[in-house]
$ cat data.cif   # mmCIF, N, CA and C atoms and all ligand atoms
data_run
loop_
_atom_site.label_atom_id
_atom_site.label_comp_id
_atom_site.auth_asym_id
_atom_site.auth_seq_id
_atom_site.Cartn_x
_atom_site.Cartn_y
_atom_site.Cartn_z
N MET A 27 141.70 35.72 -13.88
CA MET A 27 140.78 36.85 -13.90
C MET A 27 139.73 36.73 -12.80
N GLU A 28 139.26 35.50 -12.65
CA GLU A 28 138.25 35.24 -11.62
C GLU A 28 138.81 35.51 -10.24
N GLU A 29 140.11 35.17 -10.06
CA GLU A 29 140.73 35.38 -8.75
C GLU A 29 140.85 36.87 -8.43
N VAL A 30 141.12 37.67 -9.44
CA VAL A 30 141.20 39.13 -9.24
C VAL A 30 139.85 39.65 -8.77
N GLU A 31 138.78 39.19 -9.40
CA GLU A 31 137.44 39.64 -8.99
C GLU A 31 137.13 39.21 -7.57
N THR A 32 137.52 37.96 -7.24
CA THR A 32 137.30 37.46 -5.88
C THR A 32 138.05 38.31 -4.86
N ARG A 33 139.29 38.64 -5.18
CA ARG A 33 140.11 39.46 -4.26
C ARG A 33 139.54 40.87 -4.13
N ARG A 34 139.02 41.43 -5.23
CA ARG A 34 138.42 42.77 -5.16
C ARG A 34 137.18 42.76 -4.27
N LYS A 35 136.41 41.69 -4.40
CA LYS A 35 135.21 41.55 -3.57
C LYS A 35 135.62 41.44 -2.10
N GLU A 36 136.66 40.65 -1.81
CA GLU A 36 137.15 40.52 -0.43
C GLU A 36 137.63 41.87 0.10
N GLU A 37 138.33 42.59 -0.76
CA GLU A 37 138.83 43.90 -0.36
C GLU A 37 137.67 44.85 -0.03
N ALA A 38 136.65 44.83 -0.86
CA ALA A 38 135.48 45.70 -0.62
C ALA A 38 134.78 45.31 0.68
N ASP A 39 134.65 43.99 0.92
CA ASP A 39 134.00 43.52 2.17
C ASP A 39 134.81 43.94 3.38
N LEU A 40 136.14 43.78 3.27
CA LEU A 40 137.00 44.14 4.40
C LEU A 40 136.97 45.65 4.66
N LYS A 41 136.88 46.41 3.60
CA LYS A 41 136.81 47.87 3.75
C LYS A 41 135.51 48.25 4.46
N THR A 42 134.41 47.59 4.11
CA THR A 42 133.13 47.83 4.77
C THR A 42 133.22 47.46 6.25
N THR A 43 133.84 46.32 6.53
CA THR A 43 134.00 45.88 7.91
C THR A 43 134.86 46.87 8.70
N LEU A 44 135.95 47.33 8.08
CA LEU A 44 136.83 48.29 8.73
C LEU A 44 136.09 49.60 9.02
N GLU A 45 135.33 50.08 8.07
CA GLU A 45 134.57 51.32 8.28
C GLU A 45 133.57 51.18 9.41
N ALA A 46 132.90 50.04 9.48
CA ALA A 46 131.94 49.80 10.56
C ALA A 46 132.66 49.76 11.91
N ALA A 47 133.82 49.11 11.94
CA ALA A 47 134.59 49.03 13.19
C ALA A 47 135.07 50.41 13.61
N GLU A 48 135.50 51.22 12.66
CA GLU A 48 135.95 52.58 12.99
C GLU A 48 134.80 53.44 13.51
N LYS A 49 133.61 53.26 12.94
CA LYS A 49 132.44 54.00 13.43
C LYS A 49 132.09 53.55 14.85
N ALA A 50 132.15 52.24 15.07
CA ALA A 50 131.85 51.72 16.42
C ALA A 50 132.87 52.23 17.43
N LEU A 51 134.13 52.26 17.04
CA LEU A 51 135.18 52.78 17.93
C LEU A 51 134.93 54.25 18.24
N GLU A 52 134.57 55.00 17.23
CA GLU A 52 134.30 56.43 17.42
C GLU A 52 133.14 56.64 18.39
N ALA A 53 132.08 55.82 18.24
CA ALA A 53 130.92 55.93 19.14
C ALA A 53 131.31 55.57 20.56
N LYS A 54 132.08 54.49 20.72
CA LYS A 54 132.51 54.06 22.06
C LYS A 54 133.42 55.10 22.70
N THR A 55 134.30 55.67 21.91
CA THR A 55 135.21 56.70 22.43
C THR A 55 134.41 57.90 22.91
N LYS A 56 133.39 58.29 22.14
CA LYS A 56 132.53 59.41 22.52
C LYS A 56 131.80 59.09 23.84
N GLN A 57 131.27 57.85 23.94
CA GLN A 57 130.59 57.41 25.18
C GLN A 57 131.55 57.46 26.36
N TYR A 58 132.75 56.94 26.15
CA TYR A 58 133.76 56.90 27.21
C TYR A 58 134.08 58.31 27.69
N LYS A 59 134.31 59.22 26.75
CA LYS A 59 134.67 60.59 27.13
C LYS A 59 133.53 61.27 27.88
N SER A 60 132.31 61.01 27.46
CA SER A 60 131.15 61.59 28.14
C SER A 60 131.05 61.04 29.56
N ALA A 61 131.19 59.72 29.72
CA ALA A 61 131.12 59.10 31.05
C ALA A 61 132.28 59.60 31.92
N ALA A 62 133.45 59.74 31.34
CA ALA A 62 134.61 60.20 32.11
C ALA A 62 134.37 61.61 32.65
N ARG A 63 133.75 62.47 31.84
CA ARG A 63 133.44 63.84 32.30
C ARG A 63 132.48 63.79 33.49
N VAL A 64 131.44 62.93 33.38
CA VAL A 64 130.46 62.81 34.47
C VAL A 64 131.14 62.30 35.74
N PHE A 65 131.95 61.25 35.61
CA PHE A 65 132.62 60.68 36.79
C PHE A 65 133.64 61.64 37.39
N THR A 66 134.34 62.36 36.55
CA THR A 66 135.32 63.33 37.06
C THR A 66 134.62 64.41 37.89
N LYS A 67 133.48 64.87 37.39
CA LYS A 67 132.70 65.88 38.12
C LYS A 67 132.21 65.29 39.45
N GLU A 68 131.70 64.06 39.40
CA GLU A 68 131.19 63.41 40.61
C GLU A 68 132.31 63.20 41.64
N ILE A 69 133.47 62.77 41.18
CA ILE A 69 134.61 62.57 42.08
C ILE A 69 134.99 63.88 42.76
N LYS A 70 135.00 64.95 41.97
CA LYS A 70 135.34 66.26 42.52
C LYS A 70 134.34 66.68 43.60
N GLU A 71 133.05 66.48 43.33
CA GLU A 71 132.01 66.82 44.31
C GLU A 71 132.14 65.97 45.57
N LEU A 72 132.31 64.66 45.39
CA LEU A 72 132.40 63.77 46.54
C LEU A 72 133.67 64.02 47.35
N THR A 73 134.75 64.36 46.67
CA THR A 73 136.00 64.68 47.38
C THR A 73 135.80 65.91 48.26
N GLY A 74 135.09 66.89 47.74
CA GLY A 74 134.77 68.08 48.52
C GLY A 74 133.89 67.76 49.71
N GLN A 75 132.88 66.93 49.49
CA GLN A 75 131.98 66.52 50.58
C GLN A 75 132.76 65.76 51.65
N ARG A 76 133.65 64.87 51.21
CA ARG A 76 134.44 64.10 52.16
C ARG A 76 135.30 65.02 53.02
N ALA A 77 135.95 65.97 52.38
CA ALA A 77 136.81 66.89 53.12
C ALA A 77 136.00 67.68 54.14
N GLU A 78 134.80 68.08 53.75
CA GLU A 78 133.93 68.82 54.66
C GLU A 78 133.51 67.94 55.84
N MET A 79 133.09 66.71 55.55
CA MET A 79 132.65 65.79 56.61
C MET A 79 133.81 65.37 57.51
N ALA A 80 134.98 65.25 56.95
CA ALA A 80 136.14 64.81 57.72
C ALA A 80 136.52 65.81 58.81
N LYS A 81 136.09 67.08 58.64
CA LYS A 81 136.40 68.10 59.64
C LYS A 81 135.80 67.77 61.00
N SER A 82 134.71 66.98 61.01
CA SER A 82 134.06 66.66 62.29
C SER A 82 134.67 65.43 62.96
N ILE A 83 135.60 64.76 62.31
CA ILE A 83 136.22 63.54 62.86
C ILE A 83 137.49 63.96 63.62
N PRO A 84 137.68 63.45 64.84
CA PRO A 84 138.92 63.77 65.56
C PRO A 84 140.14 63.41 64.70
N PRO A 85 141.12 64.30 64.62
CA PRO A 85 142.27 64.10 63.71
C PRO A 85 142.99 62.76 63.90
N ALA A 86 143.17 62.31 65.14
CA ALA A 86 143.88 61.05 65.36
C ALA A 86 143.08 59.88 64.77
N LEU A 87 141.76 59.91 64.95
CA LEU A 87 140.91 58.84 64.41
C LEU A 87 140.91 58.89 62.89
N LEU A 88 140.88 60.09 62.34
CA LEU A 88 140.90 60.23 60.88
C LEU A 88 142.22 59.70 60.29
N ARG A 89 143.32 59.99 60.96
CA ARG A 89 144.62 59.47 60.48
C ARG A 89 144.63 57.94 60.54
N ARG A 90 144.06 57.41 61.62
CA ARG A 90 144.00 55.95 61.76
C ARG A 90 143.13 55.35 60.65
N TYR A 91 141.98 55.95 60.43
CA TYR A 91 141.09 55.48 59.37
C TYR A 91 141.79 55.54 58.01
N ASP A 92 142.44 56.68 57.73
CA ASP A 92 143.12 56.82 56.44
C ASP A 92 144.22 55.77 56.26
N ALA A 93 144.89 55.42 57.36
CA ALA A 93 145.93 54.39 57.28
C ALA A 93 145.31 53.03 56.95
N PHE A 94 144.18 52.71 57.63
CA PHE A 94 143.48 51.45 57.31
C PHE A 94 143.01 51.46 55.87
N ARG A 95 142.46 52.59 55.47
CA ARG A 95 141.93 52.70 54.11
C ARG A 95 143.02 52.46 53.07
N ALA A 96 144.19 53.04 53.33
CA ALA A 96 145.30 52.87 52.39
C ALA A 96 145.77 51.42 52.36
N ALA A 97 145.75 50.78 53.53
CA ALA A 97 146.26 49.41 53.63
C ALA A 97 145.25 48.37 53.15
N LYS A 98 143.97 48.75 53.09
CA LYS A 98 142.91 47.78 52.78
C LYS A 98 142.20 48.11 51.48
N ASN A 99 142.94 48.44 50.47
CA ASN A 99 142.39 48.70 49.13
C ASN A 99 141.23 49.68 49.12
N GLY A 100 141.36 50.76 49.88
CA GLY A 100 140.38 51.83 49.83
C GLY A 100 139.18 51.66 50.72
N LEU A 101 139.10 50.56 51.46
CA LEU A 101 137.96 50.34 52.35
C LEU A 101 138.48 50.11 53.76
N GLY A 102 138.45 51.16 54.57
CA GLY A 102 139.05 51.08 55.91
C GLY A 102 138.06 50.80 57.01
N ILE A 103 136.79 50.67 56.67
CA ILE A 103 135.77 50.50 57.69
C ILE A 103 134.75 49.46 57.25
N GLY A 104 134.26 48.71 58.21
CA GLY A 104 133.23 47.71 57.93
C GLY A 104 132.01 48.01 58.78
N LYS A 105 130.87 48.04 58.14
CA LYS A 105 129.61 48.28 58.85
C LYS A 105 129.13 46.94 59.42
N ILE A 106 128.62 46.95 60.63
CA ILE A 106 128.07 45.72 61.20
C ILE A 106 126.65 45.54 60.67
N GLU A 107 126.46 44.42 59.99
CA GLU A 107 125.14 44.10 59.44
C GLU A 107 124.78 42.68 59.86
N GLU A 108 123.72 42.59 60.66
CA GLU A 108 123.26 41.29 61.15
C GLU A 108 124.40 40.50 61.79
N GLY A 109 125.20 41.22 62.58
CA GLY A 109 126.28 40.58 63.32
C GLY A 109 127.51 40.24 62.51
N ARG A 110 127.55 40.73 61.27
CA ARG A 110 128.71 40.45 60.40
C ARG A 110 129.39 41.75 59.97
N CYS A 111 130.69 41.63 59.69
CA CYS A 111 131.43 42.75 59.12
C CYS A 111 131.06 42.85 57.64
N SER A 112 130.61 44.03 57.20
CA SER A 112 130.19 44.18 55.80
C SER A 112 131.37 44.09 54.83
N ALA A 113 132.57 44.29 55.33
CA ALA A 113 133.74 44.25 54.44
C ALA A 113 134.18 42.83 54.14
N CYS A 114 134.21 41.97 55.17
CA CYS A 114 134.72 40.60 54.95
C CYS A 114 133.67 39.52 55.21
N HIS A 115 132.48 39.93 55.66
CA HIS A 115 131.34 39.03 55.87
C HIS A 115 131.57 37.99 56.95
N THR A 116 132.49 38.27 57.85
CA THR A 116 132.75 37.35 58.95
C THR A 116 131.79 37.63 60.10
N ASN A 117 131.29 36.57 60.71
CA ASN A 117 130.46 36.74 61.90
C ASN A 117 131.33 37.30 63.01
N LEU A 118 130.76 38.28 63.72
CA LEU A 118 131.50 38.94 64.79
C LEU A 118 130.98 38.46 66.13
N PRO A 119 131.84 38.38 67.13
CA PRO A 119 131.39 38.01 68.46
C PRO A 119 130.33 39.01 68.95
N SER A 120 129.28 38.49 69.60
CA SER A 120 128.18 39.36 70.02
C SER A 120 128.64 40.43 71.01
N ASN A 121 129.63 40.10 71.86
CA ASN A 121 130.10 41.12 72.80
C ASN A 121 130.79 42.27 72.05
N LEU A 122 131.48 41.96 70.99
CA LEU A 122 132.12 43.01 70.17
C LEU A 122 131.06 43.89 69.51
N VAL A 123 130.02 43.25 68.99
CA VAL A 123 128.93 44.00 68.36
C VAL A 123 128.29 44.94 69.39
N ARG A 124 128.06 44.44 70.60
CA ARG A 124 127.45 45.28 71.65
C ARG A 124 128.34 46.46 71.99
N ILE A 125 129.65 46.22 72.07
CA ILE A 125 130.58 47.32 72.38
C ILE A 125 130.50 48.40 71.31
N VAL A 126 130.52 48.00 70.06
CA VAL A 126 130.46 48.98 68.97
C VAL A 126 129.11 49.71 68.97
N GLU A 127 128.04 48.96 69.25
CA GLU A 127 126.72 49.57 69.24
C GLU A 127 126.51 50.55 70.40
N ASN A 128 127.14 50.26 71.53
CA ASN A 128 126.80 51.01 72.75
C ASN A 128 127.89 51.93 73.28
N THR A 129 129.03 51.98 72.63
CA THR A 129 130.11 52.85 73.13
C THR A 129 130.71 53.62 71.97
N ASP A 130 131.61 54.52 72.29
CA ASP A 130 132.34 55.28 71.26
C ASP A 130 133.71 54.67 71.00
N ARG A 131 133.96 53.49 71.56
CA ARG A 131 135.27 52.86 71.37
C ARG A 131 135.48 52.47 69.91
N VAL A 132 136.71 52.55 69.48
CA VAL A 132 137.06 52.13 68.12
C VAL A 132 137.48 50.67 68.21
N GLU A 133 136.71 49.82 67.59
CA GLU A 133 136.99 48.38 67.58
C GLU A 133 137.27 47.93 66.15
N LEU A 134 138.07 46.88 66.04
CA LEU A 134 138.45 46.37 64.73
C LEU A 134 137.84 45.00 64.48
N CYS A 135 137.57 44.71 63.24
CA CYS A 135 137.12 43.37 62.86
C CYS A 135 138.28 42.41 63.12
N GLU A 136 137.95 41.32 63.78
CA GLU A 136 139.00 40.36 64.12
C GLU A 136 139.53 39.63 62.89
N ASN A 137 138.77 39.62 61.82
CA ASN A 137 139.21 38.93 60.61
C ASN A 137 139.98 39.83 59.65
N CYS A 138 139.37 40.97 59.26
CA CYS A 138 140.02 41.81 58.24
C CYS A 138 140.76 43.00 58.82
N GLY A 139 140.54 43.30 60.10
CA GLY A 139 141.26 44.38 60.76
C GLY A 139 140.74 45.78 60.50
N ARG A 140 139.59 45.87 59.81
CA ARG A 140 139.02 47.20 59.55
C ARG A 140 138.29 47.72 60.79
N ILE A 141 138.15 49.05 60.84
CA ILE A 141 137.37 49.68 61.91
C ILE A 141 135.91 49.26 61.72
N LEU A 142 135.25 48.96 62.83
CA LEU A 142 133.85 48.57 62.76
C LEU A 142 132.95 49.75 63.13
N CYS A 143 131.80 49.82 62.49
CA CYS A 143 130.84 50.87 62.82
C CYS A 143 129.43 50.32 62.71
N VAL A 144 128.51 51.07 63.29
CA VAL A 144 127.09 50.74 63.20
C VAL A 144 126.42 51.98 62.63
N LEU A 145 125.63 51.81 61.60
CA LEU A 145 124.89 52.93 61.04
C LEU A 145 123.41 52.74 61.33
N PRO A 146 122.72 53.85 61.55
CA PRO A 146 121.29 53.74 61.85
C PRO A 146 120.51 53.19 60.64
ZN ZN B 201 135.96 42.33 58.52
#
$ encode --input "data.cif" --output "structure tokens"
Amino acid sequence: MEEVETRRKEEADLKTTLEAAEKALEAKTKQYKSAARVFTKEIKELTGQRAEMAKSIPPALLRRYDAFRAAKNGLGIGKIEEGRCSACHTNLPSNLVRIVENTDRVELCENCGRILCVLP
């Protein structure tokens, strides 16, 4: 008889635990869906902005960039920061940095192969 009472108590505790877990899952699912809506909207806006900005890039350069981007896990360009490639953090030769800073030539990082750029 005592064992039956013990098992009923365990069952009640487990039911309480299950209900709490289901409520937590429901809350997390609601959070996830809300965040997904926000990110989907943001992706749509940024995709539109990218398409608009890409119109000013010469088509051959854009194709080259897109190929690097596809081959390099979505990051086809490295910004030069303090003489380093921001993508792979490798120190770049100073003459290469000067070329990128002072010309319109398309140069690649010698380590990761991404296009290098300088931003103001
Ligand atoms: Zn690099």
$ closest_atom_pairs --input "data.cif" --of "chain A" --to "ligand ZN 201 (chain B)" --cutoff "7 Å" --atoms "only N, CA and C atoms and all ligand atoms" --output "CSV"
residue,atom,partner,partner_atom,distance
A:Gly104,CA,B:ZN201,ZN,6.1
A:Arg110,C,B:ZN201,ZN,6.8
A:Cys111,CA,B:ZN201,ZN,4.6
A:Ser112,N,B:ZN201,ZN,5.8
A:Ala113,C,B:ZN201,ZN,4.8
A:Cys114,N,B:ZN201,ZN,3.8
A:His115,N,B:ZN201,ZN,5.1
A:Thr116,N,B:ZN201,ZN,5.4
A:Leu134,C,B:ZN201,ZN,6.8
A:Cys135,CA,B:ZN201,ZN,4.6
A:Glu136,N,B:ZN201,ZN,5.7
A:Asn137,C,B:ZN201,ZN,4.9
A:Cys138,N,B:ZN201,ZN,3.7
A:Gly139,N,B:ZN201,ZN,4.9
A:Arg140,N,B:ZN201,ZN,5.2
$ select_by_dssp --input "data.cif" --residues "region 48-142 of chain A" --states "helix (DSSP H, G or I)" --output "PyMOL selection string"
chain A and resi 48-80+85-97+120-128
$ atom_distance --input "data.cif" --atom1 "atom C of Lys81 (chain A)" --atom2 "CA of Arg95 (chain A)"
17.7 Å
$ atom_distance --input "data.cif" --atom1 "CA of Leu118 (chain A)" --atom2 "atom N of Leu145 (chain A)"
14.5 Å
$ atom_distance --input "data.cif" --atom1 "atom N of Arg90 (chain A)" --atom2 "atom N of Arg131 (chain A)"
14.7 Å
$ select_by_dssp --input "data.cif" --residues "region 105-146 of chain A" --states "strand (DSSP E)" --output "short mmCIF file (atom, residue, chain, number, x, y, z; two decimals) with N, CA and C atoms, in the coordinates of the input"
data_model
loop_
_atom_site.label_atom_id
_atom_site.label_comp_id
_atom_site.auth_asym_id
_atom_site.auth_seq_id
_atom_site.Cartn_x
_atom_site.Cartn_y
_atom_site.Cartn_z
N LYS A 105 130.87 48.04 58.14
CA LYS A 105 129.61 48.28 58.85
C LYS A 105 129.13 46.94 59.42
N ILE A 106 128.62 46.95 60.63
CA ILE A 106 128.07 45.72 61.20
C ILE A 106 126.65 45.54 60.67
N GLU A 107 126.46 44.42 59.99
CA GLU A 107 125.14 44.10 59.44
C GLU A 107 124.78 42.68 59.86
N ARG A 110 127.55 40.73 61.27
CA ARG A 110 128.71 40.45 60.40
C ARG A 110 129.39 41.75 59.97
N CYS A 111 130.69 41.63 59.69
CA CYS A 111 131.43 42.75 59.12
C CYS A 111 131.06 42.85 57.64
N ILE A 141 138.15 49.05 60.84
CA ILE A 141 137.37 49.68 61.91
C ILE A 141 135.91 49.26 61.72
N LEU A 142 135.25 48.96 62.83
CA LEU A 142 133.85 48.57 62.76
C LEU A 142 132.95 49.75 63.13
N CYS A 143 131.80 49.82 62.49
CA CYS A 143 130.84 50.87 62.82
C CYS A 143 129.43 50.32 62.71
#
$ closest_residue --input "data.cif" --among "A:Ala53, A:Ala62, A:Ala80, A:Val144" --to "Glu107 (chain A)" --atoms "only C-alpha atoms"
A:Val144
$ decode --input "data.cif" --residues "region 102-113 of chain A" --atoms "all heavy atoms" --output "PDB file, in the first residue's frame"
ATOM      1  N   GLY A 102      33.820  37.106 -48.763  1.00  0.00           N
ATOM      2  CA  GLY A 102      34.718  37.170 -49.923  1.00  0.00           C
ATOM      3  C   GLY A 102      35.698  38.307 -49.888  1.00  0.00           C
ATOM      4  O   GLY A 102      36.520  38.448 -50.780  1.00  0.00           O
ATOM      5  N   ILE A 103      35.638  39.124 -48.845  1.00  0.00           N
ATOM      6  CA  ILE A 103      36.488  40.310 -48.797  1.00  0.00           C
ATOM      7  C   ILE A 103      37.046  40.493 -47.391  1.00  0.00           C
ATOM      8  O   ILE A 103      36.393  40.148 -46.406  1.00  0.00           O
ATOM      9  CB  ILE A 103      35.672  41.550 -49.250  1.00  0.00           C
ATOM     10  CG1 ILE A 103      36.593  42.701 -49.612  1.00  0.00           C
ATOM     11  CG2 ILE A 103      34.641  41.948 -48.235  1.00  0.00           C
ATOM     12  CD1 ILE A 103      35.905  43.768 -50.455  1.00  0.00           C
ATOM     13  N   GLY A 104      38.265  40.980 -47.325  1.00  0.00           N
ATOM     14  CA  GLY A 104      38.888  41.263 -46.039  1.00  0.00           C
ATOM     15  C   GLY A 104      39.278  42.728 -45.996  1.00  0.00           C
ATOM     16  O   GLY A 104      39.864  43.254 -46.936  1.00  0.00           O
ATOM     17  N   LYS A 105      38.898  43.387 -44.920  1.00  0.00           N
ATOM     18  CA  LYS A 105      39.250  44.794 -44.739  1.00  0.00           C
ATOM     19  C   LYS A 105      40.658  44.858 -44.135  1.00  0.00           C
ATOM     20  O   LYS A 105      40.994  44.050 -43.259  1.00  0.00           O
ATOM     21  CB  LYS A 105      38.228  45.431 -43.795  1.00  0.00           C
ATOM     22  CG  LYS A 105      38.404  46.902 -43.580  1.00  0.00           C
ATOM     23  CD  LYS A 105      37.240  47.480 -42.802  1.00  0.00           C
ATOM     24  CE  LYS A 105      37.193  46.945 -41.398  1.00  0.00           C
ATOM     25  NZ  LYS A 105      36.218  47.564 -40.525  1.00  0.00           N
ATOM     26  N   ILE A 106      41.463  45.792 -44.601  1.00  0.00           N
ATOM     27  CA  ILE A 106      42.793  45.953 -44.019  1.00  0.00           C
ATOM     28  C   ILE A 106      42.663  46.785 -42.748  1.00  0.00           C
ATOM     29  O   ILE A 106      42.162  47.905 -42.770  1.00  0.00           O
ATOM     30  CB  ILE A 106      43.769  46.630 -45.010  1.00  0.00           C
ATOM     31  CG1 ILE A 106      43.953  45.731 -46.242  1.00  0.00           C
ATOM     32  CG2 ILE A 106      45.103  46.909 -44.335  1.00  0.00           C
ATOM     33  CD1 ILE A 106      44.818  46.340 -47.327  1.00  0.00           C
ATOM     34  N   GLU A 107      43.074  46.178 -41.642  1.00  0.00           N
ATOM     35  CA  GLU A 107      43.033  46.861 -40.352  1.00  0.00           C
ATOM     36  C   GLU A 107      44.400  46.737 -39.695  1.00  0.00           C
ATOM     37  O   GLU A 107      44.847  45.614 -39.396  1.00  0.00           O
ATOM     38  CB  GLU A 107      41.986  46.210 -39.428  1.00  0.00           C
ATOM     39  CG  GLU A 107      40.571  46.340 -39.942  1.00  0.00           C
ATOM     40  CD  GLU A 107      39.553  45.588 -39.095  1.00  0.00           C
ATOM     41  OE1 GLU A 107      39.901  44.506 -38.546  1.00  0.00           O
ATOM     42  OE2 GLU A 107      38.431  46.068 -38.991  1.00  0.00           O
ATOM     43  N   GLU A 108      45.043  47.883 -39.521  1.00  0.00           N
ATOM     44  CA  GLU A 108      46.374  47.915 -38.902  1.00  0.00           C
ATOM     45  C   GLU A 108      47.326  46.945 -39.597  1.00  0.00           C
ATOM     46  O   GLU A 108      48.051  46.184 -38.952  1.00  0.00           O
ATOM     47  CB  GLU A 108      46.281  47.623 -37.401  1.00  0.00           C
ATOM     48  CG  GLU A 108      45.464  48.681 -36.661  1.00  0.00           C
ATOM     49  CD  GLU A 108      45.326  48.394 -35.176  1.00  0.00           C
ATOM     50  OE1 GLU A 108      46.020  47.504 -34.661  1.00  0.00           O
ATOM     51  OE2 GLU A 108      44.518  49.090 -34.551  1.00  0.00           O
ATOM     52  N   GLY A 109      47.254  46.940 -40.928  1.00  0.00           N
ATOM     53  CA  GLY A 109      48.165  46.126 -41.720  1.00  0.00           C
ATOM     54  C   GLY A 109      47.825  44.649 -41.773  1.00  0.00           C
ATOM     55  O   GLY A 109      48.608  43.840 -42.251  1.00  0.00           O
ATOM     56  N   ARG A 110      46.651  44.289 -41.263  1.00  0.00           N
ATOM     57  CA  ARG A 110      46.230  42.879 -41.269  1.00  0.00           C
ATOM     58  C   ARG A 110      44.936  42.703 -42.054  1.00  0.00           C
ATOM     59  O   ARG A 110      44.107  43.598 -42.112  1.00  0.00           O
ATOM     60  CB  ARG A 110      45.971  42.387 -39.840  1.00  0.00           C
ATOM     61  CG  ARG A 110      47.183  42.312 -39.009  1.00  0.00           C
ATOM     62  CD  ARG A 110      46.850  41.663 -37.693  1.00  0.00           C
ATOM     63  NE  ARG A 110      48.034  41.650 -36.866  1.00  0.00           N
ATOM     64  CZ  ARG A 110      48.018  41.721 -35.560  1.00  0.00           C
ATOM     65  NH1 ARG A 110      46.870  41.778 -34.925  1.00  0.00           N
ATOM     66  NH2 ARG A 110      49.138  41.707 -34.882  1.00  0.00           N
ATOM     67  N   CYS A 111      44.776  41.492 -42.598  1.00  0.00           N
ATOM     68  CA  CYS A 111      43.516  41.123 -43.243  1.00  0.00           C
ATOM     69  C   CYS A 111      42.499  40.836 -42.136  1.00  0.00           C
ATOM     70  O   CYS A 111      42.772  40.025 -41.243  1.00  0.00           O
ATOM     71  CB  CYS A 111      43.740  39.864 -44.097  1.00  0.00           C
ATOM     72  SG  CYS A 111      42.214  39.099 -44.680  1.00  0.00           S
ATOM     73  N   SER A 112      41.342  41.500 -42.183  1.00  0.00           N
ATOM     74  CA  SER A 112      40.340  41.305 -41.121  1.00  0.00           C
ATOM     75  C   SER A 112      39.718  39.906 -41.172  1.00  0.00           C
ATOM     76  O   SER A 112      39.158  39.443 -40.186  1.00  0.00           O
ATOM     77  CB  SER A 112      39.237  42.357 -41.230  1.00  0.00           C
ATOM     78  OG  SER A 112      38.503  42.173 -42.432  1.00  0.00           O
ATOM     79  N   ALA A 113      39.827  39.242 -42.304  1.00  0.00           N
ATOM     80  CA  ALA A 113      39.215  37.917 -42.425  1.00  0.00           C
ATOM     81  C   ALA A 113      40.074  36.829 -41.791  1.00  0.00           C
ATOM     82  O   ALA A 113      39.571  35.945 -41.115  1.00  0.00           O
ATOM     83  CB  ALA A 113      38.951  37.588 -43.884  1.00  0.00           C
TER      84      ALA A 113
END
